[in-house]
Amino acid sequence: MPVTFRKSFRILPGVRINVNRKSLSLTLGRKGAHRTWSTTGRRTTSADLPGPFGYRHTGR
């Protein structure tokens, strides 16, 4: 079983710095909707939509 490392630091309300073994990322937004940019070039948008749509996640 591999050893993993992940740590998240809250800088301001709605702003987080996430650290893992391979990259850093910046997340803006709240639990219902947020946008993330990573040092590896990955960008994601996530949103919890009302009704039957559920949770949506889009990546690069």
# chains A, B, ... in the order shown; residues from 1 in each chain; ligands from 1
$ residues_around --residues "region 25-37 of chain A" --least-positions-apart "3" --cutoff "7 Å" --atoms "only C-alpha atoms" --output "PyMOL selection string"
chain A and resi 14-19+42-48
$ select_by_dssp --residues "chain A" --states "strand (DSSP E)" --output "PyMOL selection string"
chain A and resi 6-12+15-20+24-29+33-38+43-49+54-58
$ closest_residue --among "A:Arg10, A:Gly54, A:Thr40, A:Gly59" --to "Ser23 (chain A)" --atoms "only C-alpha atoms"
A:Thr40
$ atom_distance --atom1 "CA of Gly41 (chain A)" --atom2 "CA of Arg6 (chain A)"
17.9 Å
$ decode --residues "region 41-57 of chain A" --atoms "all heavy atoms" --output "compact mmCIF listing (two decimals), in the first residue's frame"
# COMPACT_ATOMS: atom_id res chain seq x y z
N GLY A 41 -0.41 22.16 -13.95
CA GLY A 41 -1.16 22.66 -15.09
C GLY A 41 -2.62 22.25 -15.10
O GLY A 41 -3.38 22.68 -15.96
N ARG A 42 -3.03 21.44 -14.18
CA ARG A 42 -4.42 20.99 -14.13
C ARG A 42 -5.31 22.08 -13.56
O ARG A 42 -4.97 22.72 -12.56
CB ARG A 42 -4.50 19.74 -13.27
CG ARG A 42 -5.87 19.14 -13.21
CD ARG A 42 -5.85 17.90 -12.34
NE ARG A 42 -7.19 17.42 -12.18
CZ ARG A 42 -7.59 16.22 -12.52
NH1 ARG A 42 -6.73 15.37 -13.00
NH2 ARG A 42 -8.84 15.86 -12.35
N ARG A 43 -6.46 22.30 -14.20
CA ARG A 43 -7.46 23.26 -13.72
C ARG A 43 -8.79 22.54 -13.64
O ARG A 43 -9.21 21.89 -14.60
CB ARG A 43 -7.56 24.43 -14.70
CG ARG A 43 -6.31 25.24 -14.80
CD ARG A 43 -6.49 26.39 -15.78
NE ARG A 43 -6.98 25.96 -17.08
CZ ARG A 43 -6.24 25.73 -18.14
NH1 ARG A 43 -4.94 25.88 -18.06
NH2 ARG A 43 -6.77 25.36 -19.28
N THR A 44 -9.47 22.66 -12.53
CA THR A 44 -10.77 22.01 -12.38
C THR A 44 -11.80 22.98 -11.82
O THR A 44 -11.47 23.92 -11.11
CB THR A 44 -10.70 20.78 -11.45
OG1 THR A 44 -10.27 21.20 -10.16
CG2 THR A 44 -9.76 19.73 -11.98
N THR A 45 -13.05 22.74 -12.19
CA THR A 45 -14.19 23.48 -11.68
C THR A 45 -15.18 22.47 -11.14
O THR A 45 -15.49 21.50 -11.82
CB THR A 45 -14.85 24.31 -12.79
OG1 THR A 45 -13.88 25.18 -13.34
CG2 THR A 45 -16.01 25.13 -12.24
N SER A 46 -15.67 22.68 -9.93
CA SER A 46 -16.63 21.77 -9.31
C SER A 46 -17.82 22.55 -8.79
O SER A 46 -17.66 23.65 -8.27
CB SER A 46 -15.97 21.02 -8.16
OG SER A 46 -14.87 20.28 -8.63
N ALA A 47 -19.01 21.97 -8.95
CA ALA A 47 -20.22 22.63 -8.48
C ALA A 47 -21.24 21.61 -8.04
O ALA A 47 -21.39 20.56 -8.67
CB ALA A 47 -20.80 23.50 -9.59
N ASP A 48 -21.94 21.92 -6.97
CA ASP A 48 -23.04 21.10 -6.50
C ASP A 48 -24.32 21.76 -6.98
O ASP A 48 -24.74 22.79 -6.44
CB ASP A 48 -23.00 21.01 -4.97
CG ASP A 48 -24.01 20.02 -4.42
OD1 ASP A 48 -24.61 19.28 -5.22
OD2 ASP A 48 -24.18 19.99 -3.20
N LEU A 49 -24.94 21.19 -8.03
CA LEU A 49 -26.10 21.80 -8.65
C LEU A 49 -27.39 21.32 -7.97
O LEU A 49 -27.46 20.18 -7.51
CB LEU A 49 -26.13 21.45 -10.13
CG LEU A 49 -24.90 21.88 -10.92
CD1 LEU A 49 -24.96 21.35 -12.33
CD2 LEU A 49 -24.76 23.38 -10.91
N PRO A 50 -28.41 22.17 -7.93
CA PRO A 50 -29.66 21.78 -7.26
C PRO A 50 -30.45 20.77 -8.09
O PRO A 50 -30.27 20.64 -9.30
CB PRO A 50 -30.41 23.10 -7.14
CG PRO A 50 -29.89 23.93 -8.25
CD PRO A 50 -28.45 23.53 -8.42
N GLY A 51 -31.33 20.07 -7.42
CA GLY A 51 -32.24 19.16 -8.11
C GLY A 51 -31.58 17.87 -8.55
O GLY A 51 -30.63 17.40 -7.93
N PRO A 52 -32.04 17.31 -9.66
CA PRO A 52 -31.56 16.01 -10.11
C PRO A 52 -30.19 16.04 -10.77
O PRO A 52 -29.66 15.02 -11.18
CB PRO A 52 -32.63 15.57 -11.12
CG PRO A 52 -33.15 16.85 -11.67
CD PRO A 52 -33.12 17.82 -10.51
N PHE A 53 -29.59 17.22 -10.91
CA PHE A 53 -28.31 17.35 -11.60
C PHE A 53 -27.14 16.84 -10.76
O PHE A 53 -26.15 16.37 -11.28
CB PHE A 53 -28.07 18.80 -12.02
CG PHE A 53 -29.16 19.34 -12.90
CD1 PHE A 53 -30.04 20.27 -12.42
CD2 PHE A 53 -29.31 18.87 -14.19
CE1 PHE A 53 -31.05 20.76 -13.22
CE2 PHE A 53 -30.32 19.35 -15.00
CZ PHE A 53 -31.20 20.30 -14.51
N GLY A 54 -27.24 17.00 -9.44
CA GLY A 54 -26.20 16.50 -8.55
C GLY A 54 -24.90 17.27 -8.65
O GLY A 54 -24.87 18.45 -8.94
N TYR A 55 -23.79 16.56 -8.41
CA TYR A 55 -22.47 17.18 -8.36
C TYR A 55 -21.77 17.08 -9.70
O TYR A 55 -21.73 16.01 -10.32
CB TYR A 55 -21.64 16.46 -7.29
CG TYR A 55 -20.36 17.15 -6.94
CD1 TYR A 55 -20.36 18.28 -6.15
CD2 TYR A 55 -19.14 16.68 -7.41
CE1 TYR A 55 -19.19 18.92 -5.81
CE2 TYR A 55 -17.96 17.31 -7.09
CZ TYR A 55 -17.99 18.43 -6.28
OH TYR A 55 -16.83 19.06 -5.97
N ARG A 56 -21.25 18.18 -10.20
CA ARG A 56 -20.55 18.20 -11.48
C ARG A 56 -19.12 18.62 -11.29
O ARG A 56 -18.81 19.51 -10.51
CB ARG A 56 -21.22 19.18 -12.46
CG ARG A 56 -22.64 18.84 -12.77
CD ARG A 56 -22.68 17.60 -13.67
NE ARG A 56 -24.06 17.33 -14.01
CZ ARG A 56 -24.60 16.14 -13.96
NH1 ARG A 56 -23.89 15.11 -13.58
NH2 ARG A 56 -25.84 15.95 -14.29
N HIS A 57 -18.22 17.96 -12.03
CA HIS A 57 -16.78 18.23 -11.93
C HIS A 57 -16.21 18.25 -13.35
O HIS A 57 -16.42 17.31 -14.11
CB HIS A 57 -16.10 17.13 -11.11
CG HIS A 57 -14.64 17.26 -11.00
ND1 HIS A 57 -14.06 18.06 -10.05
CD2 HIS A 57 -13.64 16.72 -11.70
CE1 HIS A 57 -12.75 17.97 -10.18
NE2 HIS A 57 -12.47 17.16 -11.18
